[in-house]
Amino acid sequence: MGLLHRHQTLLILAAIVLVAALVASVSPLVVERIVIDTLIKLVMVVGLSVFIGNSGVISFGHTGFMVIGAYAGAWLSMPPNVKQIFLRDLPDWLIALQLPAIPSLLGGALLAAAVALVVGLPLMRLSGIAASIGTLSFLLICNIVYSHWTAISNGTGSLVGLPLFVDVPMAAGAALAAIAVAWTFQESSLGLRLRASREDEAAARASGIDVALLRLVAFCLSAAIVAVGGALQAHFLGTLTVGQFFIAITFLTLAMLVVGGTGSLSGAVIGTLAVAAASELLRLVEGDQQIAGLVITVPPGVRDVGLAAIMLAILLLRPKGITGGRELVLVSRPPRRLAPALDMTSRERTE
Amino acid sequence: MTAALQLVVDALSVGSLYALSALGIGLIFGIMRLINFAHGEFIMVGAYAAMLTAAIWAPFAVIVAVAVALVVALVTERLAFRRLRSSPPATLLITSFAVSYLLQNLMVLIEGARPQTVDFLSALTRSMDVGGVRLPWINVVTIAVTAVLLTLLAIFLRRTRFGRMTRAAASDFRMARLLGVRADRVIAIAFALSGLLAAAVAILLLAQTGTVSPVMGLQLALVGFVATVIGGMGSLSGAVLGGLTVGAVTVLLQSLLPAELRPFRDAFVYGLVIAVLLVRPGGLFRSAAAMQERV
């Protein structure tokens with residue numbers, strides 16, 4: 001009972017994903033594609049929350065890891081004859097190599113984590129705002145490098161012919177795995193210490209917590225998860241361009257996280273679902289005939305204006321998001337008797 | 001010698017625009033600890049305003065651009081940032097990101113996503129030849145306007161009551177409030193100044209390129225961040241120096257990098273930010289003097 005009680009949030013979140021997957025499997029293709037797309041966004045946002053949620057540092061750079069994961073996934077998964085056309089300048093062994101779906105995704109995650117380690121090593125030493133600007137610089141560098149280094153990316157042209165292996169079970173499986181990893185990290189001693197530093201950095205340092213190191217661990221882990229999201233997105237659409245992963249998706253994923261509440265994993269999940277639902281509704285209002293079509297539609301603006309307005313409304317009216325930094329629970333813990341002063345802090349904790 | 005002189009003129013004129021953008025961002029950061037993503041959109045709406053009225057009469061277009069950028073800056077402050085004033089910097093940062101995205105897409109709704117061109121003060125793009133140095137008039141005007149604006153701003157900040165209030169708030173907002181500086185007023189002044197600077201950038205940029213697009217502000221806002229980081233966040237003179245430095249580095253890289261690396265120029269500039277953040281987190285120019293005096 002104790003274990004079940006402690007991890008009930010994980011079970012609730014997993015149930016939400018499973019219900020979404022079940023709905024998708026009995027729905028028409030249009031709805032199925034919307035659900036898959038949302039599950040992929042869920043992977044990205046859960047990945048983001050591993051870093052932003054636990055450390056409290058805003059990162060604009062994670063879209064860069066989507067690019068890295070998506071292209072690395074493509075290098076590994078595409079058939080050699082297609083790579084001969086688009087990615088002639090890759091090393092020969094990489095052109096000859098063709099891996100199945102899951103190893104390709106993991107390859108992307110591994111590369112992203114390695115890059116995150118190299119980039120994060122200096123960046124995580126910086127204070128909050130400086131680190132945010134640093135991550136933004138990282139995103140821009142990624143964008144420029146992948147747009148112009150044609151040997152690895154076909155430049156600003158698109159890669160086509162990626163194997164379309166993302167179906168409902170795969171998207172749902174990835175979402176479940178991301179949630180499980182994020183939850184495990186959050187509940188581990190590392191996660192707890194990192195969240196302590198989020199609440200009060202000075203106090204955390206004074207208690208002997210190595211904030212920079214913990215941020216670095218979270219940065220790498222979240223980079224890996226986000227990279228899987230990027231690779232899934234690319235293999236869901238079958239085409240890949242650098243422009244796909246820039247400001248628009250940075251905004252969308254951050255909006256999802258903020259709307260749900262950055263302080264908890266449940267916030268990431270609920271925010272993703274809420275913003276995805278709002279986004280689809282806005283798309284209907286927009287009268288866009290190509291609803292979640294097989295190509296990415298470029299909406300003429302109403303959707304983006306609406307999403308920005310929703311995000312601003314949440315920031316102004318409920319800055320801690322829908323969940324207010326709490327996790328979803330069915331049975332709440334019996335209130336513990338604490339001294340009044342301590343009670344204040346315990347209520348502000350995410351639990 | 002002439003080549004070096006040419007380089008200096010180019011660097012100064014590019015750096016001038018960057019310095020004006022950086023100053024607009026640095027002014028608000030100094031007071032509110034807000035990294036204002038939306039500054040790029042202040043520039044963007046100013047440029048659209050000038051574009052739409054350019055056909056009537058150029059000076060009129062200039063006035064309209066200033067008025068529109070000013071109003072948009074003040075309205076954003078009133079509607080979005082005022083309520084969040086006491087929020088943590090991360091919330092402010094993400095709010096300004098949302099405001100920027102909102103303004104950008106509102107413009108997409110109104111004017112469409114595609115870039116538009118206009119004939120605005122295009123006579124200025126002609127060059128004059130001074131001892132072998134090719135001087136486009138627009139570069140001279142850009143440098144001159146920047147110099148005048150910076151001088152006026154320095155006088156305003158040093159000599160007037162409002163200016164002193166603004167500087168006091170930038171150096172210690174809480175202390176300034178305790179001493180009777182009205183927070184609402186001083187922040188509104190900062191946003192008005194920042195809108196004014198944005199309009200100046202919009203007008204100079206429009207005269208230079210003749211093109212507007214909803215995403216045109218992004219690049220300048222980013223350069224503005226870069227410049228404020230390099231100059232030391234919160235220091236106004238640092239922001240100006242940072243802008244000039246970024247301009248100089250950009251122009252130098254453009255002429256020094258081998259052709260195959262030239263497309264990566266901006267990646268080097270952004271890499272420089274990370275390097276500066278690491279080596280001198282306080283900024284390149286945050287010497288003892290800069291710590292004492294702001295502008």
# chains A, B, ... in the order shown; residues from 1 in each chain; ligands from 1
$ interface_residues --of "chain A" --to "chain B" --cutoff "9 Å" --atoms "only C-alpha atoms" --output "MDAnalysis selection string"
chainID A and resid 56:58 122:123 125:126 128:138 140:145 148:149 247:248 251 254:255 258 300:309 311:312 315:316 319
$ select_by_dssp --residues "segment 99-347 of chain A" --states "strand (DSSP E)" --output "ChimeraX atom specification"
/A:159-160,239-240
$ write_last_selection --atoms "N, CA and C atoms" --output "PDB file, in the first residue's frame"
ATOM      1  N   LEU A 159      14.850  16.551 -45.646  1.00  0.00           N
ATOM      2  CA  LEU A 159      15.107  15.128 -45.797  1.00  0.00           C
ATOM      3  C   LEU A 159      13.755  14.467 -45.984  1.00  0.00           C
ATOM      4  N   VAL A 160      13.621  13.640 -47.014  1.00  0.00           N
ATOM      5  CA  VAL A 160      12.374  12.891 -47.141  1.00  0.00           C
ATOM      6  C   VAL A 160      12.702  11.409 -47.181  1.00  0.00           C
ATOM      7  N   THR A 239       9.206  13.484 -43.102  1.00  0.00           N
ATOM      8  CA  THR A 239      10.111  14.494 -43.646  1.00  0.00           C
ATOM      9  C   THR A 239      10.731  15.262 -42.496  1.00  0.00           C
ATOM     10  N   LEU A 240      11.894  15.830 -42.759  1.00  0.00           N
ATOM     11  CA  LEU A 240      12.622  16.521 -41.701  1.00  0.00           C
ATOM     12  C   LEU A 240      13.301  17.749 -42.279  1.00  0.00           C
TER      13      LEU A 240
END
$ residues_around --residues "segment 53-55 of chain A" --least-positions-apart "6" --cutoff "9 Å" --atoms "only C-alpha atoms" --output "compact mmCIF listing (two decimals) with N, CA and C atoms, in the first residue's frame"
# COMPACT_ATOMS: atom_id res chain seq x y z
N GLN A 186 12.51 12.39 -10.58
CA GLN A 186 11.94 13.37 -9.67
C GLN A 186 11.88 12.85 -8.24
N GLY A 191 16.68 14.05 -7.65
CA GLY A 191 15.58 14.93 -8.01
C GLY A 191 15.13 15.78 -6.84
N LEU A 192 15.05 15.14 -5.68
CA LEU A 192 14.62 15.88 -4.49
C LEU A 192 15.59 17.01 -4.17
N LEU A 194 17.60 18.50 -6.26
CA LEU A 194 17.52 19.53 -7.29
C LEU A 194 16.31 20.43 -7.05
N ARG A 195 15.18 19.81 -6.64
CA ARG A 195 13.99 20.62 -6.40
C ARG A 195 14.17 21.49 -5.15
N ALA A 196 14.95 21.00 -4.23
CA ALA A 196 15.26 21.85 -3.08
C ALA A 196 15.99 23.10 -3.54
N SER A 197 16.91 22.94 -4.50
CA SER A 197 17.66 24.10 -4.99
C SER A 197 16.75 25.03 -5.78
N ARG A 198 15.70 24.48 -6.40
CA ARG A 198 14.74 25.33 -7.11
C ARG A 198 14.01 26.25 -6.12
N GLU A 199 13.64 25.68 -4.97
CA GLU A 199 12.88 26.48 -4.00
C GLU A 199 13.76 27.54 -3.34
N VAL A 211 24.60 22.24 -6.76
CA VAL A 211 23.51 22.62 -7.66
C VAL A 211 23.92 22.45 -9.12
N LEU A 214 23.87 18.76 -10.20
CA LEU A 214 22.52 18.21 -10.32
C LEU A 214 21.80 18.77 -11.54
N ARG A 215 22.01 20.07 -11.80
CA ARG A 215 21.40 20.66 -12.99
C ARG A 215 21.94 19.98 -14.24
N ALA A 218 20.23 16.63 -14.75
CA ALA A 218 18.87 16.83 -15.25
C ALA A 218 18.89 17.31 -16.70
N LEU A 257 4.06 23.45 -21.05
CA LEU A 257 4.61 23.26 -19.72
C LEU A 257 4.09 24.33 -18.76
N GLY A 261 1.69 23.95 -15.55
CA GLY A 261 2.38 24.24 -14.29
C GLY A 261 3.76 23.62 -14.32
N THR A 262 4.80 24.48 -14.22
CA THR A 262 6.16 23.95 -14.35
C THR A 262 6.57 23.15 -13.14
N GLY A 263 5.85 23.30 -12.04
CA GLY A 263 6.33 22.72 -10.80
C GLY A 263 6.13 21.22 -10.63
N SER A 264 5.38 20.58 -11.52
CA SER A 264 5.11 19.16 -11.30
C SER A 264 5.05 18.40 -12.62
N LEU A 265 5.25 17.09 -12.54
CA LEU A 265 5.17 16.24 -13.73
C LEU A 265 3.73 16.19 -14.23
N ALA A 268 3.07 18.96 -16.54
CA ALA A 268 3.54 18.77 -17.91
C ALA A 268 2.51 17.99 -18.72
$ atom_distance --atom1 "atom CA of Phe42 of chain B" --atom2 "atom CA of Ala200 of chain B"
10.5 Å
$ residues_around --residues "segment 78-81 of chain A" --least-positions-apart "4" --cutoff "7 Å" --atoms "only C-alpha atoms" --output "list in words"
Ala74, Ile85, Ile95, Ala96, Leu97, Gln98, Leu162 and Pro163 of chain A
$ atom_distance --atom1 "atom CA of Ile40 of chain A" --atom2 "atom CA of Gly64 of chain A"
16.2 Å
$ closest_residue --among "B:Ile138, B:Leu284, B:Val276, B:Ile230" --to "Val9 of chain B" --atoms "only C-alpha atoms"
B:Ile138
$ select_by_dssp --residues "segment 69-239 of chain A" --states "alpha helix (DSSP H)" --output "PyMOL selection string"
chain A and resi 69-77+80-86+92-96+101-123+128-148+150-153+168-187+189-199+201-206+211-237
$ residues_around --residues "segment 23-31 of chain B" --least-positions-apart "2" --cutoff "8 Å" --atoms "only C-alpha atoms" --output "PyMOL selection string"
chain B and resi 19-21+33-36+39+166+169-173+187+190-191+193-195+197-198+221+224-225+228+233-236+239-240
$ residues_around --residues "segment 143-149 of chain B" --least-positions-apart "3" --cutoff "8 Å" --atoms "only C-alpha atoms" --output "mmCIF file with N, CA and C atoms, in the first residue's frame"
data_model
loop_
_atom_site.group_PDB
_atom_site.id
_atom_site.type_symbol
_atom_site.label_atom_id
_atom_site.label_comp_id
_atom_site.auth_asym_id
_atom_site.auth_seq_id
_atom_site.Cartn_x
_atom_site.Cartn_y
_atom_site.Cartn_z
ATOM 1 N N LEU B 12 30.927 50.339 -37.386
ATOM 2 C CA LEU B 12 30.230 51.363 -36.600
ATOM 3 C C LEU B 12 28.754 51.429 -36.957
ATOM 4 N N SER B 13 28.449 51.306 -38.253
ATOM 5 C CA SER B 13 27.047 51.473 -38.628
ATOM 6 C C SER B 13 26.238 50.235 -38.244
ATOM 7 N N SER B 16 25.907 50.413 -34.501
ATOM 8 C CA SER B 16 24.988 51.440 -34.007
ATOM 9 C C SER B 16 23.588 50.865 -33.812
ATOM 10 N N LEU B 17 23.102 50.159 -34.833
ATOM 11 C CA LEU B 17 21.768 49.555 -34.715
ATOM 12 C C LEU B 17 21.725 48.578 -33.547
ATOM 13 N N LEU B 20 21.626 50.428 -30.244
ATOM 14 C CA LEU B 20 20.305 50.973 -29.924
ATOM 15 C C LEU B 20 19.365 49.865 -29.449
ATOM 16 N N ASN B 139 24.679 54.789 -43.833
ATOM 17 C CA ASN B 139 25.596 54.468 -42.739
ATOM 18 C C ASN B 139 25.943 55.715 -41.933
ATOM 19 N N VAL B 140 26.183 56.805 -42.675
ATOM 20 C CA VAL B 140 26.500 58.061 -41.995
ATOM 21 C C VAL B 140 25.322 58.491 -41.134
ATOM 22 N N LEU B 152 21.359 62.520 -26.265
ATOM 23 C CA LEU B 152 20.120 63.003 -25.666
ATOM 24 C C LEU B 152 19.709 62.139 -24.482
ATOM 25 N N LEU B 153 19.851 60.832 -24.661
ATOM 26 C CA LEU B 153 19.462 59.915 -23.591
ATOM 27 C C LEU B 153 20.335 60.131 -22.364
#
$ residues_around --residues "segment 100-107 of chain A" --least-positions-apart "5" --cutoff "8 Å" --atoms "only C-alpha atoms" --output "PyMOL selection string"
chain A and resi 69+72-74+76-77+165+228+231-232
$ atom_distance --atom1 "atom CA of Ala223 of chain A" --atom2 "atom CA of Arg6 of chain A"
26.7 Å
$ closest_residue --among "A:Gly325, A:Gly173, A:Gly108, A:Gly243" --to "Leu18 of chain A" --atoms "only C-alpha atoms"
A:Gly173
